[in-house]
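Below is data_5.tsv, holding TSV, C-alpha atoms.
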chain	number	residue	atom	x	y	z
Y	1	MET	CA	-35.80	19.65	27.74
Y	2	MET	CA	-34.99	18.59	24.16
Y	3	GLY	CA	-35.85	22.09	22.94
Y	4	LYS	CA	-33.38	23.63	25.38
Y	5	ILE	CA	-30.62	21.28	24.25
Y	6	GLU	CA	-31.27	22.09	20.58
Y	7	GLY	CA	-31.33	25.80	21.38
Y	8	ARG	CA	-27.98	25.53	23.14
Y	9	VAL	CA	-26.47	23.62	20.20
Y	10	GLU	CA	-27.76	26.24	17.76
Y	11	GLU	CA	-26.26	29.03	19.87
Y	12	ASP	CA	-22.92	27.18	20.03
Y	13	ILE	CA	-22.94	26.82	16.22
Y	14	PHE	CA	-23.67	30.52	15.80
Y	15	GLN	CA	-20.85	31.49	18.19
Y	16	LEU	CA	-18.44	29.19	16.34
Y	17	LEU	CA	-19.29	30.78	12.98
Y	18	PHE	CA	-19.31	34.32	14.35
Y	19	THR	CA	-15.91	33.93	16.01
Y	20	GLU	CA	-14.31	32.37	12.92
Y	21	LEU	CA	-15.63	35.13	10.66
Y	22	GLN	CA	-14.37	37.78	13.08
Y	23	GLN	CA	-10.92	36.22	13.16
Y	24	ASN	CA	-10.55	35.42	9.46
Y	25	THR	CA	-12.08	38.46	7.77
Y	26	ARG	CA	-11.89	42.23	7.98
Y	27	SER	CA	-15.67	42.58	8.14
Y	28	SER	CA	-17.48	44.51	10.86
Y	29	ASP	CA	-18.96	42.61	13.78
Y	30	ASN	CA	-22.44	43.41	12.49
Y	31	LYS	CA	-21.78	41.83	9.07
Y	32	CYS	CA	-20.10	38.80	10.65
Y	33	ARG	CA	-23.11	38.37	12.90
Y	34	GLU	CA	-25.57	38.56	9.98
Y	35	VAL	CA	-23.68	36.02	7.87
Y	36	ALA	CA	-23.12	33.68	10.83
Y	37	ASP	CA	-26.83	33.84	11.63
Y	38	ARG	CA	-27.80	32.95	8.03
Y	39	ILE	CA	-25.37	30.02	7.85
Y	40	ALA	CA	-26.52	28.70	11.24
Y	41	ALA	CA	-30.17	28.96	10.17
Y	42	GLU	CA	-29.46	27.08	6.93
Y	43	VAL	CA	-27.62	24.30	8.76
Y	44	ASN	CA	-30.42	24.03	11.31
Y	45	ARG	CA	-33.02	23.74	8.51
Y	46	ILE	CA	-31.02	21.03	6.73
Y	47	CYS	CA	-30.60	18.99	9.91
Y	48	GLN	CA	-34.30	19.27	10.75
Y	49	GLU	CA	-35.47	18.25	7.26
Y	50	SER	CA	-32.96	15.49	6.50
Y	51	GLN	CA	-34.26	12.07	7.43
Y	52	ARG	CA	-30.80	10.59	6.89
Y	53	ILE	CA	-29.25	12.95	9.44
Y	54	LYS	CA	-32.01	12.28	11.96
Y	55	ALA	CA	-31.66	8.53	11.50
Y	56	SER	CA	-27.89	8.70	12.06
Y	57	GLY	CA	-28.36	9.73	15.70
Y	58	GLU	CA	-25.47	12.20	15.26
Y	59	GLU	CA	-27.36	15.38	14.51
Y	60	GLU	CA	-25.08	17.54	16.66
Y	61	LYS	CA	-22.01	16.23	14.82
Y	62	TRP	CA	-23.68	16.92	11.48
Y	63	ARG	CA	-24.47	20.50	12.54
Y	64	VAL	CA	-20.81	21.18	13.31
Y	65	THR	CA	-19.60	19.47	10.13
Y	66	LEU	CA	-22.02	21.31	7.86
Y	67	SER	CA	-21.32	24.62	9.58
Y	68	ARG	CA	-17.58	24.28	9.09
Y	69	HIS	CA	-18.11	23.25	5.47
Y	70	ARG	CA	-20.25	26.34	4.77
Y	71	LEU	CA	-17.75	28.52	6.61
Y	72	GLN	CA	-14.78	27.19	4.62
Y	73	GLN	CA	-16.60	27.72	1.32
Y	74	CYS	CA	-17.34	31.31	2.26
Y	75	LEU	CA	-13.75	32.00	3.35
Y	76	PHE	CA	-12.48	30.29	0.19
Y	77	TYR	CA	-14.08	33.00	-1.95
Y	78	TYR	CA	-13.33	35.73	0.60
Y	79	ASN	CA	-9.60	34.99	0.46
Y	80	PHE	CA	-9.65	35.31	-3.33
Y	81	GLY	CA	-10.97	38.86	-3.03
Y	82	ALA	CA	-13.93	40.33	-4.93
Y	83	ARG	CA	-12.38	40.12	-8.38
Y	84	GLY	CA	-10.53	36.84	-7.86
Y	85	GLY	CA	-13.61	35.21	-6.34
Y	86	ARG	CA	-15.79	36.21	-9.29
Y	87	VAL	CA	-13.25	34.80	-11.73
Y	88	GLU	CA	-12.93	31.56	-9.72
Y	89	LEU	CA	-16.70	31.00	-9.58
Y	90	HIS	CA	-17.20	31.90	-13.24
Y	91	SER	CA	-14.43	29.51	-14.28
Y	92	THR	CA	-15.84	26.69	-12.15
Y	93	LEU	CA	-19.34	27.02	-13.57
Y	94	SER	CA	-18.09	27.51	-17.13
Y	95	ALA	CA	-16.11	24.27	-16.93
Y	96	MET	CA	-19.18	22.43	-15.64
Y	97	VAL	CA	-21.42	23.45	-18.55
Y	98	TYR	CA	-18.90	23.65	-21.39
Y	99	ARG	CA	-19.84	20.35	-23.01
Y	100	TYR	CA	-23.59	20.80	-22.49
Y	101	ILE	CA	-24.20	24.36	-23.62
Y	102	THR	CA	-24.24	23.81	-27.41
Y	103	PRO	CA	-26.78	21.47	-29.04
Y	104	PRO	CA	-25.08	18.49	-30.77
Y	105	GLN	CA	-26.61	19.34	-34.15
Y	106	ILE	CA	-25.05	22.79	-34.19
Y	107	GLN	CA	-21.36	23.19	-35.03
Y	108	SER	CA	-19.97	26.42	-33.57
Y	109	SER	CA	-16.59	27.94	-32.95
Y	110	TYR	CA	-14.93	27.93	-29.56
Y	111	GLN	CA	-15.52	31.69	-29.16
Y	112	ALA	CA	-19.19	31.30	-30.10
Y	113	ARG	CA	-19.59	28.67	-27.39
Y	114	LEU	CA	-17.96	30.98	-24.84
Y	115	ASN	CA	-20.45	33.70	-25.76
Y	116	LEU	CA	-23.34	31.28	-25.23
Y	117	ILE	CA	-21.91	30.22	-21.87
Y	118	GLU	CA	-21.56	33.87	-20.85
Y	119	ASP	CA	-25.17	34.54	-21.82
Y	120	PHE	CA	-26.41	31.45	-20.00
Y	121	LEU	CA	-24.50	32.17	-16.77
Y	122	GLN	CA	-25.84	35.72	-16.51
Y	123	GLY	CA	-29.34	34.29	-16.26
Y	124	PHE	CA	-28.19	31.64	-13.81
Y	125	TYR	CA	-26.60	34.26	-11.52
Y	126	VAL	CA	-29.95	36.05	-11.37
Y	127	GLU	CA	-31.74	32.76	-10.58
Y	128	SER	CA	-29.18	32.00	-7.88
Y	129	LEU	CA	-29.52	35.46	-6.33
Y	130	ASN	CA	-33.31	35.04	-6.15
Y	131	ALA	CA	-32.90	31.57	-4.64
Y	132	PHE	CA	-30.44	32.96	-2.08
Y	133	ARG	CA	-32.88	35.71	-1.11
Y	134	ARG	CA	-35.72	33.21	-0.82
Y	135	GLU	CA	-33.87	30.55	1.19
Y	136	ALA	CA	-32.19	33.06	3.51
Y	137	GLN	CA	-35.52	34.90	3.92
Y	138	LEU	CA	-34.04	38.18	2.70
Y	139	GLU	CA	-35.85	41.08	1.09
Y	140	GLY	CA	-36.40	40.91	-2.64
Y	141	THR	CA	-34.11	43.91	-3.11
Y	142	PHE	CA	-31.17	42.44	-1.18
Y	143	SER	CA	-27.82	42.57	-2.96
Y	144	PRO	CA	-24.34	41.74	-1.57
Y	145	THR	CA	-22.57	45.02	-0.79
Y	146	THR	CA	-19.49	43.89	1.14
Y	147	LEU	CA	-16.78	41.35	0.32
Y	148	LEU	CA	-18.10	38.98	3.01
Y	149	GLU	CA	-21.67	39.12	1.67
Y	150	LEU	CA	-20.41	38.63	-1.89
Y	151	SER	CA	-18.36	35.64	-0.75
Y	152	GLU	CA	-21.40	34.18	1.02
Y	153	TYR	CA	-23.45	34.59	-2.17
Y	154	MET	CA	-20.75	33.06	-4.40
Y	155	ALA	CA	-20.39	30.06	-2.07
Y	156	PHE	CA	-24.18	29.62	-2.17
Y	157	THR	CA	-24.18	29.89	-5.98
Y	158	GLU	CA	-21.62	27.09	-6.31
Y	159	ARG	CA	-23.63	24.83	-3.98
Y	160	TYR	CA	-26.87	25.75	-5.75
Y	161	ALA	CA	-25.33	24.89	-9.13
Y	162	LYS	CA	-24.19	21.46	-7.85
Y	163	ARG	CA	-27.47	20.43	-6.24
Y	164	ARG	CA	-28.56	16.98	-7.37
Y	165	ILE	CA	-32.03	16.92	-8.90
Y	166	PRO	CA	-33.75	13.47	-8.86
Y	167	LEU	CA	-34.80	12.12	-12.27
Y	168	SER	CA	-36.77	9.11	-13.40
Y	169	GLY	CA	-35.21	5.67	-13.10
Y	170	GLY	CA	-33.39	6.52	-9.89
Y	171	ARG	CA	-31.03	8.87	-11.70
Y	172	SER	CA	-30.05	12.41	-10.72
Y	173	GLN	CA	-28.29	15.36	-12.32
Y	174	GLN	CA	-26.75	18.63	-11.14
Y	175	LEU	CA	-29.07	21.63	-11.35
Y	176	LEU	CA	-26.65	23.74	-13.40
Y	177	ILE	CA	-26.30	21.04	-16.07
Y	178	LEU	CA	-30.07	20.62	-16.33
Y	179	ARG	CA	-30.40	24.39	-16.78
Y	180	ALA	CA	-27.65	24.36	-19.42
Y	181	GLN	CA	-29.29	21.54	-21.36
Y	182	THR	CA	-32.62	23.35	-21.34
Y	183	PHE	CA	-30.93	26.58	-22.42
Y	184	SER	CA	-29.23	24.81	-25.35
Y	185	GLN	CA	-32.43	23.13	-26.50
Y	186	GLN	CA	-34.18	26.49	-26.56
Y	187	GLN	CA	-31.60	28.12	-28.84
Y	188	PRO	CA	-32.85	28.52	-32.43
Y	189	PRO	CA	-30.43	27.50	-35.24
Y	190	GLU	CA	-29.70	31.14	-36.12
Y	191	THR	CA	-28.47	31.84	-32.58
Y	192	THR	CA	-25.08	30.31	-33.33
Y	193	VAL	CA	-24.68	32.54	-36.36
Y	194	ASP	CA	-25.56	35.57	-34.26
Y	195	MET	CA	-23.11	34.60	-31.52
Y	196	GLU	CA	-20.33	34.11	-34.02
Y	197	GLN	CA	-21.05	37.58	-35.44
Y	198	ALA	CA	-20.80	38.92	-31.92
Y	199	ALA	CA	-17.40	37.28	-31.55
Y	200	GLU	CA	-16.33	39.22	-34.63
Y	201	GLY	CA	-17.46	42.52	-33.17
Y	202	SER	CA	-21.19	42.86	-33.89
Y	203	SER	CA	-23.49	44.12	-31.15
Y	204	LEU	CA	-26.36	41.96	-29.93
Y	205	ASP	CA	-27.53	44.10	-27.01
Y	206	SER	CA	-31.22	43.59	-26.31
Y	207	ASP	CA	-32.92	46.44	-24.47
Y	208	GLN	CA	-35.36	44.07	-22.80
Y	209	THR	CA	-32.58	41.78	-21.53
Y	210	TRP	CA	-29.71	44.08	-20.64
Y	211	ASN	CA	-31.73	46.97	-19.21
Y	212	ASP	CA	-33.25	44.71	-16.55
Y	213	SER	CA	-31.88	46.06	-13.26
Y	214	SER	CA	-31.28	42.65	-11.68
Y	215	VAL	CA	-29.34	41.37	-14.69
Y	216	GLN	CA	-27.24	44.52	-14.85
Y	217	GLN	CA	-26.53	44.37	-11.13
Y	218	VAL	CA	-25.37	40.77	-11.10
Y	219	ARG	CA	-23.47	41.12	-14.38
Y	220	HIS	CA	-21.53	44.02	-12.88
Y	221	ALA	CA	-20.84	42.05	-9.71
Y	222	MET	CA	-19.74	38.84	-11.38
Y	223	VAL	CA	-17.95	39.19	-14.72
Y	224	ASP	CA	-17.72	42.77	-15.92
Y	225	ARG	CA	-14.27	42.61	-17.46
Y	226	ASP	CA	-14.57	45.98	-19.24
Y	227	LEU	CA	-14.09	47.80	-15.94
Y	228	GLU	CA	-10.63	46.30	-15.47
Y	229	PRO	CA	-8.61	46.68	-18.70
Y	230	ALA	CA	-5.35	47.01	-16.77
Y	231	ASP	CA	-5.99	43.76	-14.93
Y	232	HIS	CA	-6.86	42.02	-18.20
Y	233	SER	CA	-3.62	43.29	-19.77
Y	234	LEU	CA	-1.60	42.10	-16.78
Y	235	ARG	CA	-3.25	38.68	-16.96
Y	236	GLU	CA	-2.32	38.40	-20.64
Y	237	THR	CA	1.26	39.32	-19.76
Y	238	VAL	CA	1.39	36.61	-17.09
Y	239	VAL	CA	0.03	34.01	-19.53
Y	240	LYS	CA	2.57	34.98	-22.19
Y	241	GLU	CA	5.42	34.87	-19.67
Y	242	VAL	CA	4.38	31.44	-18.36
Y	243	LEU	CA	4.25	30.02	-21.90
Y	244	GLY	CA	7.66	31.48	-22.70
Y	245	TYR	CA	9.09	30.11	-19.44
Y	246	LEU	CA	7.81	26.59	-20.22
Y	247	GLN	CA	9.02	26.62	-23.83
Y	248	GLU	CA	12.49	27.87	-22.86
Y	249	ARG	CA	12.83	24.85	-20.61
Y	250	GLY	CA	11.68	22.38	-23.23
Y	251	GLN	CA	8.35	21.79	-21.48
Y	252	ASN	CA	6.23	22.08	-24.62
Y	253	ASP	CA	3.76	19.44	-23.43
Y	254	CYS	CA	3.20	21.48	-20.27
Y	255	ALA	CA	2.66	24.57	-22.42
Y	256	ASP	CA	0.04	22.70	-24.49
Y	257	TYR	CA	-1.65	21.52	-21.30
Y	258	PHE	CA	-1.66	25.10	-19.97
Y	259	ILE	CA	-3.31	26.43	-23.14
Y	260	LEU	CA	-6.08	23.83	-22.90
Y	261	ARG	CA	-6.59	24.56	-19.21
Y	262	LEU	CA	-7.05	28.24	-20.04
Y	263	GLN	CA	-9.95	27.22	-22.27
Y	264	ASP	CA	-11.73	25.47	-19.36
Y	265	LEU	CA	-11.92	22.22	-21.30
Y	266	PRO	CA	-13.11	19.12	-19.42
Y	267	THR	CA	-10.42	16.63	-18.40
Y	268	ASN	CA	-11.55	13.98	-20.87
Y	269	GLU	CA	-11.34	16.44	-23.78
Y	270	ILE	CA	-7.84	17.50	-22.75
Y	271	GLU	CA	-6.76	13.86	-22.67
Y	272	GLU	CA	-8.26	13.25	-26.11
Y	273	ILE	CA	-6.63	16.32	-27.68
Y	274	LEU	CA	-3.20	15.54	-26.19
Y	275	GLY	CA	-3.54	11.81	-26.86
Y	276	VAL	CA	-2.70	10.79	-23.30
Y	277	THR	CA	-4.17	8.40	-20.77
Y	278	PRO	CA	-5.68	9.65	-17.48
Y	279	ARG	CA	-2.53	8.54	-15.67
Y	280	GLN	CA	-0.26	10.34	-18.14
Y	281	ARG	CA	-2.42	13.45	-17.89
Y	282	ASP	CA	-2.19	13.36	-14.10
Y	283	TYR	CA	1.62	13.15	-14.30
Y	284	LEU	CA	1.65	16.02	-16.80
Y	285	GLN	CA	-0.56	18.06	-14.49
Y	286	GLN	CA	1.80	17.53	-11.55
Y	287	ARG	CA	4.81	18.49	-13.68
Y	288	PHE	CA	3.04	21.62	-14.89
Y	289	LYS	CA	2.15	22.53	-11.30
Y	290	TYR	CA	5.80	22.19	-10.28
Y	291	HIS	CA	6.96	24.58	-13.03
Y	292	LEU	CA	4.12	26.99	-12.33
Y	293	ILE	CA	5.14	27.24	-8.68
Y	294	ARG	CA	8.76	27.85	-9.69
Y	295	PHE	CA	7.62	30.59	-12.06
Y	296	ALA	CA	5.29	32.21	-9.51
Y	297	LEU	CA	7.69	32.17	-6.55
Y	298	SER	CA	11.05	32.52	-8.24
Y	299	HIS	CA	11.31	33.35	-11.94
Y	300	ARG	CA	8.79	36.22	-12.13
Y	301	TRP	CA	7.48	36.52	-8.62
Y	302	GLU	CA	7.05	40.33	-8.88
Y	303	LEU	CA	4.79	40.06	-11.92
Y	304	VAL	CA	2.66	37.26	-10.49
Y	305	HIS	CA	2.26	38.90	-7.09
Y	306	GLU	CA	1.32	42.22	-8.69
Y	307	TRP	CA	-1.35	40.43	-10.72
Y	308	LEU	CA	-2.66	38.69	-7.58
Y	309	GLU	CA	-2.57	41.99	-5.66
Y	310	ALA	CA	-0.17	40.32	-3.25
Y	311	ASP	CA	3.04	42.27	-3.86
Y	312	LEU	CA	5.29	43.70	-1.17
Y	313	GLU	CA	3.38	46.99	-1.10
Y	314	ARG	CA	0.33	44.97	-0.06
Y	315	ASN	CA	2.19	42.86	2.52
Y	316	LEU	CA	2.26	39.86	0.15
Y	317	GLY	CA	-1.55	39.77	0.23
Y	318	LEU	CA	-1.72	39.03	3.97
Y	319	THR	CA	-4.14	40.65	6.38
Y	320	PRO	CA	-2.52	42.91	9.01
Y	321	GLU	CA	-2.79	40.15	11.61
Y	322	ARG	CA	-1.29	37.46	9.37
Y	323	TRP	CA	1.39	39.87	8.16
Y	324	GLN	CA	2.44	40.35	11.77
Y	325	GLN	CA	2.24	36.59	12.33
Y	326	PHE	CA	4.41	36.05	9.26
Y	327	GLN	CA	7.04	38.56	10.43
Y	328	ASP	CA	7.11	37.11	13.93
Y	329	SER	CA	7.87	33.68	12.48
Y	330	LEU	CA	11.00	34.89	10.66
Y	331	GLU	CA	14.56	34.56	11.86
Y	332	ALA	CA	16.79	37.64	12.02
Y	333	SER	CA	18.43	36.93	8.64
Y	334	GLN	CA	15.04	36.36	7.02
Y	335	ARG	CA	13.69	39.63	8.41
Y	336	LYS	CA	16.73	41.42	7.01
Y	337	LEU	CA	16.13	39.84	3.60
Y	338	LEU	CA	12.49	40.94	3.68
Y	339	GLU	CA	13.49	44.46	4.68
Y	340	LEU	CA	16.00	44.74	1.83
Y	341	LYS	CA	13.43	43.45	-0.67
Y	342	GLN	CA	10.96	46.06	0.57
Y	343	GLN	CA	13.60	48.73	-0.01
Y	344	GLY	CA	13.95	47.59	-3.62
Y	345	ALA	CA	17.50	46.24	-3.36
Y	346	ASN	CA	18.55	43.84	-6.11
Y	347	ASP	CA	19.79	40.32	-5.44
Y	348	SER	CA	23.46	41.20	-6.01
Y	349	ASP	CA	23.41	43.97	-3.42
Y	350	ILE	CA	21.47	41.77	-0.99
Y	351	ALA	CA	24.00	38.97	-1.43
Y	352	LYS	CA	26.84	41.33	-0.48
Y	353	LEU	CA	25.01	42.67	2.57
Y	354	LEU	CA	24.06	39.18	3.78
Y	355	GLU	CA	27.46	37.75	2.85
Y	356	CYS	CA	26.11	34.97	0.67
Y	357	THR	CA	25.72	34.15	-3.02
Y	358	VAL	CA	22.99	35.44	-5.33
Y	359	ASN	CA	21.73	31.88	-5.70
Y	360	GLN	CA	21.38	31.57	-1.93
Y	361	VAL	CA	19.46	34.86	-1.81
Y	362	GLN	CA	17.04	33.58	-4.44
Y	363	LYS	CA	16.53	30.28	-2.62
Y	364	ARG	CA	15.90	32.02	0.70
Y	365	TRP	CA	13.45	34.42	-0.92
Y	366	PHE	CA	11.65	31.51	-2.59
Y	367	ARG	CA	11.15	29.91	0.82
Y	368	LEU	CA	9.83	33.18	2.28
Y	369	LEU	CA	7.33	33.64	-0.56
Y	370	GLU	CA	6.28	30.02	-0.23
Y	371	ALA	CA	5.63	30.46	3.50
Y	372	ALA	CA	3.60	33.63	2.84
Y	373	TRP	CA	1.69	31.83	0.08
Y	374	HIS	CA	0.67	29.00	2.41
Y	375	LEU	CA	-0.28	31.43	5.19
Y	376	ARG	CA	-2.35	33.53	2.78
Y	377	ASN	CA	-4.29	30.50	1.57
Y	378	GLU	CA	-4.95	28.84	4.91
Y	379	ARG	CA	-8.63	27.96	5.33
Y	380	ASP	CA	-8.87	26.74	8.88
Y	381	SER	CA	-6.74	29.18	10.86
Y	382	GLY	CA	-8.54	30.81	13.74
Y	383	ASN	CA	-5.68	32.78	15.22
Y	384	ASN	CA	-6.29	36.12	13.57
Y	385	ALA	CA	-7.91	39.13	15.12
Y	386	SER	CA	-10.45	41.02	13.06
Y	387	THR	CA	-10.52	44.56	11.82
Y	388	ASP	CA	-13.37	46.48	10.22
Y	389	GLU	CA	-13.87	46.01	6.52
As structure tokens, what does this structure read like?
Amino acid sequence: MMGKIEGRVEEDIFQLLFTELQQNTRSSDNKCREVADRIAAEVNRICQESQRIKASGEEEKWRVTLSRHRLQQCLFYYNFGARGGRVELHSTLSAMVYRYITPPQIQSSYQARLNLIEDFLQGFYVESLNAFRREAQLEGTFSPTTLLELSEYMAFTERYAKRRIPLSGGRSQQLLILRAQTFSQQQPPETTVDMEQAAEGSSLDSDQTWNDSSVQQVRHAMVDRDLEPADHSLRETVVKEVLGYLQERGQNDCADYFILRLQDLPTNEIEEILGVTPRQRDYLQQRFKYHLIRFALSHRWELVHEWLEADLERNLGLTPERWQQFQDSLEASQRKLLELKQQGANDSDIAKLLECTVNQVQKRWFRLLEAAWHLRNERDSGNNASTDE
């Protein structure tokens, strides 16, 4: 009897995951089914092996909670897109290991440290891919080939990196940090010199390392910036424009904060460099966020949305279903504004046609972009139909 109940719960979890993936992605039913099955199997394994979950007497509740958590992580990376998801994961992991990747006795430049981090993470991505294959019981040659599979792998990699490993004395540490510390300890003194030469343009390609098929495959999937020079140039333009925008408005402290954030520095290092308390840094962060939103949705919305691949030609980055949902939510005057923007009309002409001021046009457009932004980044919506990827 208990086996039947557990089987029914497992089937309900699978159906929940399968339906959500169908509704929130453009993947085929077959891919949604495969990913849902893997997530459900992982959750089932965790609940069966965890003594804490068993002792709670709420195993069914834990299954649902863990399933939704795994689902949201996967959709988080899916909604970023292949390129955006890779950048997000790489930035997250880089920030985690930044302070651990260089041995204390070695003084290196910022660029040299970035090169070491890059080298370290390539090996970690391979380790994570092998762990993913092993834990999901996949073939040794499996590689993510669709956006949904890549998102599933990136979500797994973040969780794998943050796993707590028990140490002596009742302590624990995250797996990624332990790997980074070991990596740093294994670096010979001359490595820093070599890395700094690389930062100046020297080549350090090792046939044994970079010709390995697994390393090449993951490197291409995760952080191959050379394939996207146009995107890199556009990113640099956005950064320059944001800095100029902040400085024009006398927000030099926000500009300084932005520069440090671009370097993936830990919070405590940012506070030390700027000479602020945690509370002052939090206030500065909120002020910077306010100006960044104004820049992204008002001042240079075209540039930012082009960079995010969410411009008007791409329906503001919305899926066909959410684009329709967005349009259906608009009033007649808002739909007219959207139509005129799609036609390329400038704000002055739009103001005349809508019989309002240019300032009113800009405010109304800001609100439309803000609504699309929130809809695009929703994590829990289950009201979208699926289309094939």
What's the 7 Å shell around stretch 63-67 of chain Y, counting all atoms listed in the file, without same-chain residues fewer than 2 positions away, as JSON, numbers by chain?
-> {"Y": [13, 39, 40, 43, 47, 59, 60, 61, 69, 70, 71]}
Any chance you can output those residues with C-alpha atoms as a PDB file, in the frame of the given file?
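Result file is part_28.pdb:
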ATOM      1  CA  ILE Y  13     -22.940  26.820  16.220  1.00  0.00           C
ATOM      2  CA  ILE Y  39     -25.370  30.020   7.850  1.00  0.00           C
ATOM      3  CA  ALA Y  40     -26.520  28.700  11.240  1.00  0.00           C
ATOM      4  CA  VAL Y  43     -27.620  24.300   8.760  1.00  0.00           C
ATOM      5  CA  CYS Y  47     -30.600  18.990   9.910  1.00  0.00           C
ATOM      6  CA  GLU Y  59     -27.360  15.380  14.510  1.00  0.00           C
ATOM      7  CA  GLU Y  60     -25.080  17.540  16.660  1.00  0.00           C
ATOM      8  CA  LYS Y  61     -22.010  16.230  14.820  1.00  0.00           C
ATOM      9  CA  HIS Y  69     -18.110  23.250   5.470  1.00  0.00           C
ATOM     10  CA  ARG Y  70     -20.250  26.340   4.770  1.00  0.00           C
ATOM     11  CA  LEU Y  71     -17.750  28.520   6.610  1.00  0.00           C
TER      12      LEU Y  71
END
Which polymer residues, protein or nucleic acid, are no farther than 12 Å from (2.6, 21.9, -12.9), counting all atoms listed in the file, as a ChimeraX atom specification?
-> /Y:242,246,251,253-258,261,281-296
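Distances here use all atoms listed in the file; by that measure, the residue among Y:His374, Y:Val126, Y:Gln173, Y:Leu148 closest to Y:Asp29 is Y:Leu148.
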Can you tell me, as a ChimeraX atom specification, what residues are no more than 9 Å from Y:Leu318 when counting only C-alpha atoms, ignoring any on the same chain fewer than 4 positions away?
-> /Y:310,314,322-324,326,372-373,375-376
Write out, as a short mmCIF file (atom, residue, chain, number, x, y, z; two decimals), in the coordinates of the input, the residues just selected, with C-alpha atoms.
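Saved as selection.cif:
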data_model
loop_
_atom_site.label_atom_id
_atom_site.label_comp_id
_atom_site.auth_asym_id
_atom_site.auth_seq_id
_atom_site.Cartn_x
_atom_site.Cartn_y
_atom_site.Cartn_z
CA ALA Y 310 -0.17 40.32 -3.25
CA ARG Y 314 0.33 44.97 -0.06
CA ARG Y 322 -1.29 37.46 9.37
CA TRP Y 323 1.39 39.87 8.16
CA GLN Y 324 2.44 40.35 11.77
CA PHE Y 326 4.41 36.05 9.26
CA ALA Y 372 3.60 33.63 2.84
CA TRP Y 373 1.69 31.83 0.08
CA LEU Y 375 -0.28 31.43 5.19
CA ARG Y 376 -2.35 33.53 2.78
#
Name the residues in contact with stretch 73-90 of chain Y at a cut-off of 6 Å, using only C-alpha atoms, excluding same-chain residues fewer than 4 positions from it; report them as a VMD selection string.
-> chain Y and resid 94 151 to 152 155 222
Within 10 Å of Y:Leu353, counting all atoms listed in the file, which residues qualify if same-chain residues fewer than 3 places away don't, as a PyMOL selection string?
-> chain Y and resi 336-337+340+347-350+356
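The space separating atom CA of Y:Thr146 from atom CA of Y:Gln72 comes to 17.7 Å.
The interatomic distance for the pair atom CA of Y:Thr19 and atom CA of Y:Lys54 works out to 27.3 Å.
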Determine, counting all atoms listed in the file, which protein, DNA and RNA residues have an atom within 9 Å of an atom of stretch 332-334 of chain Y; residues of the same chain fewer than 6 positions away are not included. Present the result as a PyMOL selection string.
-> chain Y and resi 354+364-365+368
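Coordinates place atom CA of Y:Leu150 at a distance of 16.9 Å from atom CA of Y:Leu17.
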Residue nearest Y:Ile273 among Y:Leu260, Y:Pro320, Y:Pro166, Y:Ala345 (counting all atoms listed in the file) | Y:Leu260
